[in-house]
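input13.cif, holding mmCIF, C-alpha atoms and all ligand atoms:
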data_protein
#
loop_
_atom_site.label_atom_id
_atom_site.label_comp_id
_atom_site.auth_asym_id
_atom_site.auth_seq_id
_atom_site.Cartn_x
_atom_site.Cartn_y
_atom_site.Cartn_z
CA MET A 29 0.00 0.00 0.00
CA ALA A 30 1.53 3.33 -0.96
CA GLY A 31 0.79 7.05 -1.09
CA LEU A 32 -2.77 8.14 -0.31
CA ASP A 33 -3.96 4.52 -0.27
CA ALA A 34 -2.20 4.13 3.05
CA PHE A 35 -4.94 6.25 4.64
CA LYS A 36 -7.78 4.07 3.44
CA PHE A 37 -7.82 1.96 6.61
CA ASN A 38 -8.68 5.03 8.62
CA GLN A 39 -11.62 5.97 6.46
CA GLU A 40 -15.17 4.77 6.73
CA THR A 41 -14.77 2.25 3.93
CA LYS A 42 -11.76 0.07 4.56
CA THR A 43 -9.48 -1.37 1.92
CA VAL A 44 -10.60 -4.95 1.55
CA ASP A 45 -8.02 -7.65 2.17
CA ALA A 46 -9.50 -10.27 -0.14
CA ALA A 47 -7.02 -12.93 0.98
CA LYS A 48 -8.45 -12.95 4.49
CA LYS A 49 -11.88 -14.50 4.00
CA VAL A 50 -14.62 -14.11 6.58
CA ARG A 51 -16.48 -17.41 6.98
CA ILE A 52 -20.18 -16.60 7.08
CA GLY A 53 -23.29 -18.54 8.04
CA ILE A 54 -26.88 -17.44 7.50
CA ILE A 55 -29.51 -18.34 10.09
CA GLY A 56 -33.02 -18.15 8.65
CA THR A 57 -33.33 -18.13 4.87
CA GLY A 58 -36.58 -16.22 4.39
CA TRP A 59 -37.27 -12.91 2.69
CA ILE A 60 -34.64 -10.60 4.20
CA ALA A 61 -31.91 -13.23 3.89
CA ASP A 62 -32.07 -12.50 0.13
CA SER A 63 -30.71 -8.99 0.78
CA HIS A 64 -27.97 -10.34 3.06
CA ILE A 65 -26.72 -12.92 0.59
CA ARG A 66 -26.83 -10.50 -2.36
CA SER A 67 -24.56 -8.13 -0.44
CA TYR A 68 -22.26 -10.87 0.86
CA LYS A 69 -21.81 -12.12 -2.70
CA LYS A 70 -20.45 -8.71 -3.71
CA GLN A 71 -17.73 -8.82 -1.07
CA PRO A 72 -14.42 -10.28 -2.26
CA ASP A 73 -13.40 -11.36 1.24
CA VAL A 74 -16.40 -13.49 2.17
CA GLU A 75 -16.93 -17.21 2.00
CA ILE A 76 -20.48 -18.28 2.71
CA VAL A 77 -20.00 -21.69 4.29
CA ALA A 78 -23.33 -22.59 5.92
CA GLY A 79 -27.00 -21.78 6.22
CA CYS A 80 -29.99 -23.17 8.04
CA ASP A 81 -33.72 -22.81 8.36
CA LEU A 82 -36.33 -24.49 10.54
CA ILE A 83 -38.26 -25.44 7.41
CA PRO A 84 -36.64 -28.55 5.88
CA GLY A 85 -35.14 -27.92 2.44
CA LYS A 86 -35.61 -24.14 2.57
CA ALA A 87 -31.94 -23.30 3.12
CA GLU A 88 -30.80 -25.63 0.37
CA ALA A 89 -33.28 -24.10 -2.11
CA PHE A 90 -32.18 -20.62 -1.02
CA PHE A 91 -28.52 -21.15 -1.88
CA LYS A 92 -29.47 -22.86 -5.13
CA LYS A 93 -31.60 -19.83 -6.07
CA HIS A 94 -28.67 -17.53 -5.31
CA GLU A 95 -26.23 -19.82 -7.15
CA VAL A 96 -23.89 -20.20 -4.19
CA GLU A 97 -22.28 -23.61 -4.17
CA GLY A 98 -20.59 -25.72 -1.52
CA VAL A 99 -22.69 -24.38 1.36
CA LYS A 100 -23.57 -26.83 4.16
CA THR A 101 -27.28 -26.73 4.91
CA ASP A 102 -28.14 -30.06 6.53
CA TYR A 103 -29.04 -28.57 9.89
CA ALA A 104 -32.41 -28.70 11.62
CA SER A 105 -31.82 -25.39 13.45
CA HIS A 106 -29.32 -22.64 14.26
CA LYS A 107 -28.03 -24.77 17.14
CA GLU A 108 -26.92 -27.68 14.97
CA MET A 109 -25.20 -25.30 12.57
CA LEU A 110 -23.38 -23.40 15.31
CA ASP A 111 -22.36 -26.68 16.97
CA ASP A 112 -20.63 -27.81 13.76
CA GLU A 113 -17.05 -26.86 14.52
CA SER A 114 -15.83 -28.06 11.12
CA LEU A 115 -17.39 -24.89 9.67
CA GLN A 116 -14.99 -22.59 11.55
CA LEU A 117 -17.54 -19.82 11.35
CA ASP A 118 -16.35 -16.26 11.90
CA ALA A 119 -19.75 -14.59 11.74
CA VAL A 120 -23.46 -15.14 11.16
CA SER A 121 -26.33 -13.09 9.83
CA ILE A 122 -29.44 -13.78 11.89
CA CYS A 123 -32.43 -13.34 9.58
CA THR A 124 -35.08 -15.11 11.62
CA TYR A 125 -38.43 -13.68 12.73
CA ASN A 126 -38.44 -11.48 15.84
CA ARG A 127 -39.24 -14.19 18.40
CA GLN A 128 -36.19 -16.10 17.17
CA HIS A 129 -33.69 -13.25 17.48
CA ALA A 130 -32.48 -13.58 21.06
CA ILE A 131 -32.00 -17.36 21.21
CA PRO A 132 -29.74 -17.77 18.15
CA ALA A 133 -27.91 -14.48 18.83
CA ILE A 134 -26.97 -15.52 22.37
CA TYR A 135 -26.05 -19.02 21.22
CA ALA A 136 -23.85 -17.72 18.39
CA LEU A 137 -22.05 -15.19 20.61
CA LYS A 138 -21.38 -17.88 23.19
CA LYS A 139 -19.95 -20.06 20.43
CA GLY A 140 -17.45 -17.28 19.73
CA VAL A 141 -19.10 -16.09 16.50
CA HIS A 142 -19.68 -12.44 15.51
CA VAL A 143 -23.36 -11.58 14.95
CA LEU A 144 -25.25 -9.32 12.55
CA LEU A 145 -28.74 -9.45 14.02
CA GLU A 146 -31.74 -8.19 12.03
CA LYS A 147 -33.95 -5.45 13.43
CA PRO A 148 -35.83 -5.12 15.73
CA MET A 149 -33.21 -6.34 18.18
CA CYS A 150 -35.76 -8.77 19.70
CA VAL A 151 -39.21 -8.61 21.32
CA THR A 152 -38.75 -7.90 25.05
CA LEU A 153 -36.34 -5.80 27.08
CA GLU A 154 -35.36 -8.91 29.05
CA GLU A 155 -34.20 -10.59 25.84
CA ALA A 156 -32.25 -7.49 24.82
CA VAL A 157 -30.48 -7.44 28.18
CA GLU A 158 -29.54 -11.12 27.81
CA ILE A 159 -28.18 -10.49 24.31
CA CYS A 160 -26.06 -7.56 25.56
CA ARG A 161 -24.76 -9.66 28.44
CA ALA A 162 -23.70 -12.43 26.04
CA GLU A 163 -21.95 -9.83 23.89
CA LYS A 164 -20.13 -8.39 26.89
CA GLU A 165 -19.16 -11.82 28.24
CA THR A 166 -17.77 -13.03 24.92
CA GLY A 167 -16.29 -9.82 23.49
CA LYS A 168 -17.63 -10.70 20.04
CA ILE A 169 -18.98 -8.09 17.60
CA LEU A 170 -22.75 -7.65 17.66
CA SER A 171 -24.37 -5.22 15.23
CA ILE A 172 -28.10 -4.68 14.80
CA GLY A 173 -29.49 -4.46 11.27
CA PHE A 174 -30.60 -0.82 11.10
CA GLN A 175 -29.37 0.04 7.59
CA PRO A 176 -31.46 3.28 7.25
CA ARG A 177 -29.15 5.10 9.64
CA LEU A 178 -26.29 4.55 7.17
CA ASP A 179 -28.08 6.73 4.59
CA ALA A 180 -26.43 10.08 3.84
CA ASN A 181 -29.65 11.98 4.65
CA MET A 182 -30.14 10.18 7.95
CA LYS A 183 -26.55 11.03 8.82
CA MET A 184 -27.38 14.63 7.88
CA ILE A 185 -30.09 14.73 10.58
CA LYS A 186 -27.47 13.78 13.14
CA ARG A 187 -25.02 16.31 11.71
CA ILE A 188 -27.64 19.07 11.94
CA VAL A 189 -28.41 18.26 15.58
CA GLU A 190 -24.71 17.96 16.48
CA SER A 191 -23.87 21.24 14.71
CA GLY A 192 -25.93 23.09 17.32
CA GLU A 193 -28.10 24.69 14.60
CA LEU A 194 -31.27 23.61 16.43
CA GLY A 195 -30.06 24.76 19.87
CA GLN A 196 -31.33 22.65 22.74
CA VAL A 197 -33.66 19.92 21.52
CA TYR A 198 -36.69 19.57 23.80
CA TYR A 199 -39.51 17.97 21.79
CA ILE A 200 -39.61 15.36 19.04
CA GLN A 201 -42.55 14.04 17.09
CA THR A 202 -41.78 10.91 15.13
CA GLY A 203 -43.31 7.84 13.63
CA GLY A 204 -44.86 7.04 10.33
CA GLY A 205 -47.67 5.24 8.81
CA ARG A 206 -49.05 3.11 6.14
CA ARG A 207 -52.71 3.47 5.28
CA ARG A 208 -53.08 -0.17 4.25
CA GLY A 209 -49.79 -2.00 4.66
CA ILE A 210 -49.94 -4.99 6.98
CA PRO A 211 -47.03 -7.06 5.64
CA THR A 212 -48.76 -10.31 4.68
CA PRO A 213 -47.94 -10.80 1.00
CA PHE A 214 -45.10 -13.16 2.03
CA GLY A 215 -47.05 -15.12 4.65
CA THR A 216 -47.90 -14.69 8.29
CA THR A 217 -44.62 -14.60 10.23
CA PHE A 218 -45.01 -10.81 10.70
CA ILE A 219 -48.52 -11.03 12.14
CA GLU A 220 -48.51 -14.09 14.38
CA ASP A 221 -47.64 -13.58 18.00
CA GLU A 222 -45.54 -16.73 18.22
CA THR A 223 -43.22 -15.57 15.42
CA ALA A 224 -43.38 -11.74 15.42
CA GLY A 225 -44.25 -10.89 19.04
CA LEU A 226 -44.81 -7.23 18.13
CA GLY A 227 -46.33 -5.71 14.98
CA ALA A 228 -46.01 -2.24 13.45
CA LEU A 229 -44.66 -1.01 16.77
CA ALA A 230 -41.44 -3.00 16.39
CA ASP A 231 -41.32 -3.65 12.65
CA ILE A 232 -41.27 -0.02 11.52
CA GLY A 233 -41.53 1.81 14.83
CA CYS A 234 -37.98 0.78 15.67
CA TYR A 235 -36.78 2.71 12.58
CA SER A 236 -38.55 5.93 13.59
CA LEU A 237 -37.10 5.71 17.06
CA ASP A 238 -33.62 5.01 15.72
CA MET A 239 -33.78 7.93 13.31
CA VAL A 240 -34.32 10.49 16.05
CA LEU A 241 -32.60 8.82 19.01
CA ASN A 242 -29.43 8.24 17.00
CA ALA A 243 -29.50 11.90 15.96
CA ILE A 244 -29.71 13.15 19.53
CA GLY A 245 -27.20 10.67 21.00
CA TYR A 246 -29.57 8.01 22.37
CA PRO A 247 -30.55 9.50 25.74
CA LYS A 248 -31.88 7.02 28.24
CA PRO A 249 -35.68 6.53 28.20
CA LEU A 250 -37.30 7.17 31.59
CA THR A 251 -41.06 6.74 31.32
CA VAL A 252 -43.61 5.86 28.67
CA SER A 253 -47.34 6.04 28.27
CA GLY A 254 -48.16 3.76 25.38
CA TYR A 255 -51.11 2.50 23.38
CA LYS A 256 -51.45 -0.20 20.75
CA SER A 257 -54.35 -1.61 18.82
CA ALA A 258 -55.19 -4.20 16.17
CA PHE A 259 -58.50 -3.14 14.62
CA PHE A 260 -57.49 -3.78 11.00
CA GLY A 261 -55.38 -6.91 11.36
CA THR A 262 -58.08 -8.79 13.23
CA ASP A 263 -60.83 -7.85 10.75
CA PRO A 264 -61.54 -10.54 8.08
CA ASN A 265 -62.91 -7.72 5.89
CA TYR A 266 -59.61 -5.79 5.97
CA SER A 267 -59.29 -4.80 2.32
CA ASN A 268 -55.89 -6.34 1.64
CA TYR A 269 -56.96 -9.71 3.11
CA VAL A 270 -60.01 -9.59 0.84
CA LYS A 271 -57.90 -8.63 -2.21
CA THR A 272 -55.42 -11.43 -1.63
CA GLY A 273 -58.09 -13.98 -0.66
CA HIS A 274 -56.87 -14.49 2.92
CA PRO A 275 -59.67 -13.60 5.38
CA GLU A 276 -58.27 -16.33 7.66
CA TYR A 277 -55.27 -14.06 8.39
CA ALA A 278 -57.59 -12.10 10.70
CA LYS A 279 -57.67 -15.07 13.10
CA LYS A 280 -53.89 -15.47 12.95
CA PHE A 281 -53.26 -11.79 13.67
CA GLY A 282 -51.79 -11.63 17.17
CA VAL A 283 -49.80 -8.39 17.19
CA ASP A 284 -50.49 -4.63 16.87
CA ASP A 285 -51.18 -2.69 13.66
CA PHE A 286 -51.05 0.76 15.30
CA ALA A 287 -49.20 2.17 18.29
CA ALA A 288 -48.72 5.56 19.90
CA ALA A 289 -46.76 6.75 22.89
CA PHE A 290 -45.49 9.68 24.88
CA ILE A 291 -41.96 9.03 26.09
CA ARG A 292 -39.80 11.03 28.50
CA LEU A 293 -36.06 10.88 27.90
CA GLU A 294 -33.12 11.84 30.07
CA GLY A 295 -32.21 15.50 29.58
CA GLY A 296 -35.83 16.72 29.67
CA ILE A 297 -36.62 15.73 26.07
CA VAL A 298 -40.06 14.37 25.22
CA LEU A 299 -40.86 12.10 22.33
CA ASP A 300 -44.31 11.93 20.78
CA PHE A 301 -44.55 8.75 18.70
CA ARG A 302 -47.06 6.99 16.48
CA ILE A 303 -46.74 4.22 13.98
CA SER A 304 -49.13 2.29 11.78
CA TRP A 305 -49.40 -0.63 9.41
CA ALA A 306 -53.02 0.34 8.76
CA MET A 307 -55.20 3.37 9.60
CA ASN A 308 -57.87 5.59 8.11
CA MET A 309 -55.46 8.43 7.40
CA ASP A 310 -52.93 9.24 4.67
CA THR A 311 -50.05 9.96 7.03
CA SER A 312 -49.46 10.12 10.74
CA GLY A 313 -47.30 13.16 10.16
CA ASP A 314 -43.75 14.19 9.50
CA THR A 315 -40.95 13.85 12.02
CA LEU A 316 -40.37 17.15 13.83
CA ILE A 317 -37.38 17.99 15.99
CA LEU A 318 -37.94 21.19 17.97
CA GLY A 319 -34.98 23.05 19.39
CA THR A 320 -34.57 26.39 21.12
CA LYS A 321 -32.88 27.96 18.05
CA ALA A 322 -34.56 26.12 15.17
CA GLY A 323 -36.87 23.28 14.25
CA LEU A 324 -36.31 20.50 11.72
CA ARG A 325 -39.07 18.89 9.63
CA ILE A 326 -38.30 15.48 8.14
CA PRO A 327 -40.97 14.43 5.63
CA SER A 328 -42.53 11.03 6.13
CA THR A 329 -43.21 8.49 3.39
CA GLU A 330 -46.37 6.59 2.49
CA CYS A 331 -44.72 3.26 3.18
CA TRP A 332 -42.64 4.06 6.20
CA ASN A 333 -39.58 1.82 6.16
CA GLY A 334 -36.88 4.14 7.38
CA THR A 335 -36.42 6.34 4.33
CA ILE A 336 -37.01 10.09 4.13
CA GLY A 337 -39.90 11.34 1.98
CA GLY A 338 -38.24 14.45 0.48
CA PRO A 339 -36.15 17.49 1.35
CA MET A 340 -35.99 18.37 5.02
CA THR A 341 -36.65 21.95 6.17
CA ILE A 342 -35.16 24.01 8.97
CA TYR A 343 -37.41 26.69 10.52
CA ARG A 344 -35.67 29.51 12.33
CA GLU A 345 -35.52 33.24 12.88
CA LEU A 346 -33.24 35.54 10.91
CA ALA A 347 -32.90 39.19 11.95
CA GLY A 348 -36.38 39.07 13.47
CA GLU A 349 -37.99 37.33 10.49
CA GLN A 350 -39.31 33.75 10.42
CA ILE A 351 -37.54 31.86 7.67
CA SER A 352 -37.49 28.30 6.38
CA VAL A 353 -34.38 26.79 4.86
CA PRO A 354 -34.59 23.67 2.68
CA VAL A 355 -31.95 21.03 3.27
CA PRO A 356 -30.93 19.57 -0.11
CA VAL A 357 -31.43 15.83 -0.49
CA LEU A 358 -28.00 14.19 -0.49
CA GLU A 359 -27.12 11.47 -2.94
CA GLN A 360 -26.63 8.08 -1.33
CA LYS A 361 -24.12 6.45 -3.64
CA GLU A 362 -23.84 2.96 -2.18
CA GLY A 363 -26.76 0.65 -1.47
CA LEU A 364 -27.63 0.71 2.21
CA PHE A 365 -27.60 -3.06 2.52
CA ASP A 366 -24.14 -3.22 1.02
CA CYS A 367 -23.02 -0.58 3.54
CA LYS A 368 -24.58 -2.59 6.36
CA ILE A 369 -22.83 -5.81 5.35
CA ARG A 370 -19.49 -4.13 4.57
CA SER A 371 -19.37 -2.18 7.82
CA PHE A 372 -20.18 -5.34 9.78
CA LEU A 373 -17.41 -7.28 7.99
CA ASP A 374 -14.92 -4.49 8.64
CA ALA A 375 -15.83 -4.50 12.33
CA CYS A 376 -15.25 -8.28 12.46
CA LYS A 377 -11.98 -8.18 10.51
CA TYR A 378 -10.36 -5.14 12.10
CA ASN A 379 -11.96 -5.36 15.54
CA LEU A 380 -13.75 -2.03 15.09
CA PRO A 381 -16.78 -0.95 17.11
CA ALA A 382 -20.07 -2.44 15.92
CA PRO A 383 -21.61 -0.17 13.24
CA VAL A 384 -24.98 -0.22 15.04
CA PRO A 385 -24.12 -0.95 18.68
CA SER A 386 -26.41 -2.90 20.96
CA SER A 387 -25.76 -0.37 23.74
CA GLN A 388 -27.90 2.10 21.74
CA ILE A 389 -30.48 -0.32 20.45
CA LEU A 390 -31.04 -1.56 23.99
CA TYR A 391 -32.76 1.81 24.61
CA ASN A 392 -34.77 1.45 21.41
CA GLN A 393 -35.93 -1.97 22.61
CA ALA A 394 -36.64 -0.63 26.11
CA ILE A 395 -39.05 1.89 24.55
CA LEU A 396 -40.82 -0.73 22.42
CA ASP A 397 -41.12 -2.95 25.49
CA GLY A 398 -42.32 -0.01 27.58
CA ILE A 399 -45.02 0.88 25.04
CA ALA A 400 -46.26 -2.72 24.95
CA ARG A 401 -46.25 -2.97 28.75
CA SER A 402 -47.90 0.41 29.26
CA SER A 403 -50.57 -0.43 26.70
CA GLU A 404 -51.39 -3.69 28.45
CA LEU A 405 -51.52 -2.04 31.89
CA GLY A 406 -53.42 1.01 30.63
CA ARG A 407 -51.13 3.49 32.40
CA GLU A 408 -47.72 5.14 32.25
CA VAL A 409 -44.77 2.92 33.20
CA GLU A 410 -41.21 3.59 34.30
CA ILE A 411 -38.40 2.11 32.25
CA HIS A 412 -35.76 0.29 34.27
CA ILE A 413 -32.81 -1.06 32.34
CA PRO A 414 -30.81 -3.59 34.34
CA GLU A 415 -26.99 -3.41 34.49
CA ILE A 416 -25.36 -5.30 31.66
N1 LIG B 1 -33.49 -4.66 7.65
C1 LIG B 1 -34.53 -4.73 6.86
O1 LIG B 1 -34.69 -3.93 5.94
C2 LIG B 1 -35.55 -5.79 7.07
C3 LIG B 1 -36.57 -5.98 6.13
C4 LIG B 1 -37.46 -7.04 6.33
C5 LIG B 1 -37.38 -7.83 7.46
N2 LIG B 1 -36.41 -7.58 8.39
C6 LIG B 1 -36.32 -8.38 9.62
O2 LIG B 1 -35.80 -9.67 9.30
C7 LIG B 1 -36.41 -10.67 10.11
C8 LIG B 1 -36.91 -11.79 9.21
O3 LIG B 1 -37.88 -11.28 8.32
P1 LIG B 1 -38.29 -12.11 7.02
O4 LIG B 1 -39.23 -11.25 6.26
O5 LIG B 1 -37.09 -12.62 6.34
O6 LIG B 1 -39.09 -13.33 7.70
P2 LIG B 1 -39.37 -14.75 7.08
O7 LIG B 1 -40.45 -15.34 7.88
O8 LIG B 1 -39.52 -14.64 5.59
O9 LIG B 1 -38.01 -15.57 7.33
C9 LIG B 1 -37.58 -15.98 8.57
C10 LIG B 1 -37.02 -17.39 8.44
O10 LIG B 1 -36.31 -17.75 9.60
C11 LIG B 1 -36.52 -19.12 9.85
N3 LIG B 1 -36.19 -19.41 11.25
C12 LIG B 1 -36.82 -18.97 12.36
N4 LIG B 1 -36.19 -19.37 13.47
C13 LIG B 1 -35.10 -20.07 13.06
C14 LIG B 1 -34.04 -20.71 13.74
N5 LIG B 1 -33.96 -20.72 15.07
N6 LIG B 1 -33.08 -21.35 13.02
C15 LIG B 1 -33.14 -21.33 11.66
N7 LIG B 1 -34.13 -20.73 10.96
C16 LIG B 1 -35.10 -20.10 11.65
C17 LIG B 1 -37.97 -19.34 9.47
O11 LIG B 1 -38.27 -20.70 9.23
C18 LIG B 1 -38.08 -18.46 8.22
O12 LIG B 1 -37.82 -19.18 7.05
C19 LIG B 1 -37.50 -9.98 10.92
O13 LIG B 1 -37.06 -9.79 12.25
C20 LIG B 1 -37.69 -8.64 10.23
O14 LIG B 1 -38.04 -7.58 11.12
C21 LIG B 1 -35.50 -6.59 8.21
#
For the file at hand, write its structure as structure tokens.
Amino acid sequence: MAGLDAFKFNQETKTVDAAKKVRIGIIGTGWIADSHIRSYKKQPDVEIVAGCDLIPGKAEAFFKKHEVEGVKTDYASHKEMLDDESLQLDAVSICTYNRQHAIPAIYALKKGVHVLLEKPMCVTLEEAVEICRAEKETGKILSIGFQPRLDANMKMIKRIVESGELGQVYYIQTGGGRRRGIPTPFGTTFIEDETAGLGALADIGCYSLDMVLNAIGYPKPLTVSGYKSAFFGTDPNYSNYVKTGHPEYAKKFGVDDFAAAFIRLEGGIVLDFRISWAMNMDTSGDTLILGTKAGLRIPSTECWNGTIGGPMTIYRELAGEQISVPVPVLEQKEGLFDCKIRSFLDACKYNLPAPVPSSQILYNQAILDGIARSSELGREVEIHIPEI
């Protein structure tokens, strides 16, 4: 390595040492695993050595579809795969449904394997704490799959807050909503309690929370008054069930399709949150960050999945006049999934901090858990996060 290239290791994208292969396994070969494998295949320093799924034959068919050869798939579960020491796994992508996040993640970490765990981190705060403890005990890399925060415009939100342009942030409104968007076209793992555990609240709510909490430095959540409902998902006449010929999904629906909450954070900041997979409204509103010097509006999208719906605007005062300043949309050159996979690999190879650390997402999970708990109890609850 010579000249300017010598600095590449210190930059965000590392020079790839293709000779040093990272041996990867994929746990759960459903829908999102497609995005993982497509990105892994682009990396010159990856060898995909194993994969597993609870459904017999699914992993084998998955690697065949993606034309990846020589992958061992004859495992009945994550446990059998992680117990196979002949694989010499360096890292795994965990692409299972939410209720199967904590168990394989803890098992993999304890087997000495780095983990890229899909979002949401898990279902309950207790699970999140156990995952963080396994990470601490083993010293392995654990990154949570929040690729939206790697987007140039998401990073811009954080840069705006950190620049001091907004002054002291004291109120945030966030969330997002789909009018009719319960994710059932691929089956029912997102809507059944035994697989998903939480619905819109965790599936897309975790993105809204990450967008703003990451920007303001993830202050600790203190209390939450939460609400969740399931009026659309449990209705056999829900229009998308009718259109796709699946009224029986209404009986399977065991999670939320709408949630709202008022959350108090350390530092006197309040967070007003709402999220929906289905509602009788076009949008549940843009994300607003109010500060003492300026406010920031972040447009929502129709299908909230962690992307920004257009140029952001800053509202502030200039020489006694109220002005609004558009923030140009920045070009995101690399695919976010490729960034997510590459940054995880770099963390594993060069022992860098996890790109999306569990210490932050623990607070995200604590809020989701607090909203669910508060909703069930019908009152505000305090959030207590045990020592890791
Ligand atoms: N980051 C993103 O953009 C994004 C997008 C979609 C989904 N996700 C997340 O990815 C996860 C999976 O979603 P999906 O749509 O792929 O679900 P899916 O139901 O299509 O796939 C999950 C697969 O995991 C398998 N599985 C479950 N437990 C297992 C275990 N212990 N061992 C081996 N296999 C197991 C299931 O049999 C299933 O095939 C969810 O948590 C979801 O929130 C993330």
For atom CA of Ile219 of chain A and atom CA of Ala278 of chain A, quote the distance in Å rounded to one decimal.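 About the pair atom CA of Ile219 of chain A and atom CA of Ala278 of chain A: they are 9.2 Å apart.
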Distance filter 9 Å around ligand LIG 1 (chain B), atoms: only C-alpha atoms and all ligand atoms, out as a ChimeraX atom specification: /A:54-63,79-84,86-87,103-107,109,122-129,131-132,145-150,172-176,211,214-218,223-224,230-232,333-334,365
Quick one: residues within 12 Å of Val353 of chain A, only C-alpha atoms, excluding same-chain residues fewer than 5 positions away - as a PDB file with C-alpha atoms, in the frame of the given file?
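The resulting result-v1.pdb:
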ATOM      1  CA  GLU A 193     -28.100  24.690  14.600  1.00  0.00           C
ATOM      2  CA  ALA A 322     -34.560  26.120  15.170  1.00  0.00           C
ATOM      3  CA  GLY A 323     -36.870  23.280  14.250  1.00  0.00           C
ATOM      4  CA  LEU A 324     -36.310  20.500  11.720  1.00  0.00           C
ATOM      5  CA  ARG A 325     -39.070  18.890   9.630  1.00  0.00           C
ATOM      6  CA  PRO A 339     -36.150  17.490   1.350  1.00  0.00           C
ATOM      7  CA  MET A 340     -35.990  18.370   5.020  1.00  0.00           C
ATOM      8  CA  THR A 341     -36.650  21.950   6.170  1.00  0.00           C
ATOM      9  CA  ILE A 342     -35.160  24.010   8.970  1.00  0.00           C
ATOM     10  CA  TYR A 343     -37.410  26.690  10.520  1.00  0.00           C
ATOM     11  CA  ARG A 344     -35.670  29.510  12.330  1.00  0.00           C
ATOM     12  CA  GLU A 345     -35.520  33.240  12.880  1.00  0.00           C
ATOM     13  CA  LEU A 346     -33.240  35.540  10.910  1.00  0.00           C
TER      14      LEU A 346
END
Considering all atoms listed in the file, state which residue in the set A:Ala119, A:Ala133, A:Val141, A:Val384 is at the smallest distance from Glu155 of chain A. A:Ala133
Using the file's own x, y and z axes, what box holds all listed atoms of segment 91-98 of chain A with 6 Å on each side, keeping edges along x, y and z, and what are its centre and edge lengths in Å to one decimal, as JSON?
{"center_x": -26.1, "center_y": -21.6, "center_z": -4.3, "size_x": 23.0, "size_y": 20.2, "size_z": 17.6}
Quick check, in Å to one decimal: how far apart do atom CA of Ile65 of chain A and atom CA of Leu178 of chain A lie? 18.7 Å
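For segment 402-412 of chain A, the non-local neighbours within 8 Å, defined as residues at least 4 positions apart in the same chain or in other chains and counting all atoms listed in the file, are Pro249, Leu250, Thr251, Val252, Ser253, Gly254, Tyr255, Lys256, Ala394, Ile395 and Gly398 of chain A.
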Do a neighbour search on segment 186-189 of chain A at 8 Å with only C-alpha atoms, toss out local chain neighbours closer than 4 positions, and write the hits as a count of residues only. 7
Quick one: residues within 12 Å of Ser267 of chain A, only C-alpha atoms, excluding same-chain residues fewer than 3 positions away - as a list in words? Arg207, Arg208, Gly209, Ile210, Phe260, Gly261, Thr262, Asp263, Pro264, Val270, Lys271, Thr272, Gly273, His274, Pro275, Tyr277, Ala278, Ala306, Met307 and Asn308 of chain A
Go ahead and write the residues just picked, C-alpha atoms, as a short mmCIF file (atom, residue, chain, number, x, y, z; two decimals), in the coordinates of the input.
data_model
loop_
_atom_site.label_atom_id
_atom_site.label_comp_id
_atom_site.auth_asym_id
_atom_site.auth_seq_id
_atom_site.Cartn_x
_atom_site.Cartn_y
_atom_site.Cartn_z
CA ARG A 207 -52.71 3.47 5.28
CA ARG A 208 -53.08 -0.17 4.25
CA GLY A 209 -49.79 -2.00 4.66
CA ILE A 210 -49.94 -4.99 6.98
CA PHE A 260 -57.49 -3.78 11.00
CA GLY A 261 -55.38 -6.91 11.36
CA THR A 262 -58.08 -8.79 13.23
CA ASP A 263 -60.83 -7.85 10.75
CA PRO A 264 -61.54 -10.54 8.08
CA VAL A 270 -60.01 -9.59 0.84
CA LYS A 271 -57.90 -8.63 -2.21
CA THR A 272 -55.42 -11.43 -1.63
CA GLY A 273 -58.09 -13.98 -0.66
CA HIS A 274 -56.87 -14.49 2.92
CA PRO A 275 -59.67 -13.60 5.38
CA TYR A 277 -55.27 -14.06 8.39
CA ALA A 278 -57.59 -12.10 10.70
CA ALA A 306 -53.02 0.34 8.76
CA MET A 307 -55.20 3.37 9.60
CA ASN A 308 -57.87 5.59 8.11
#
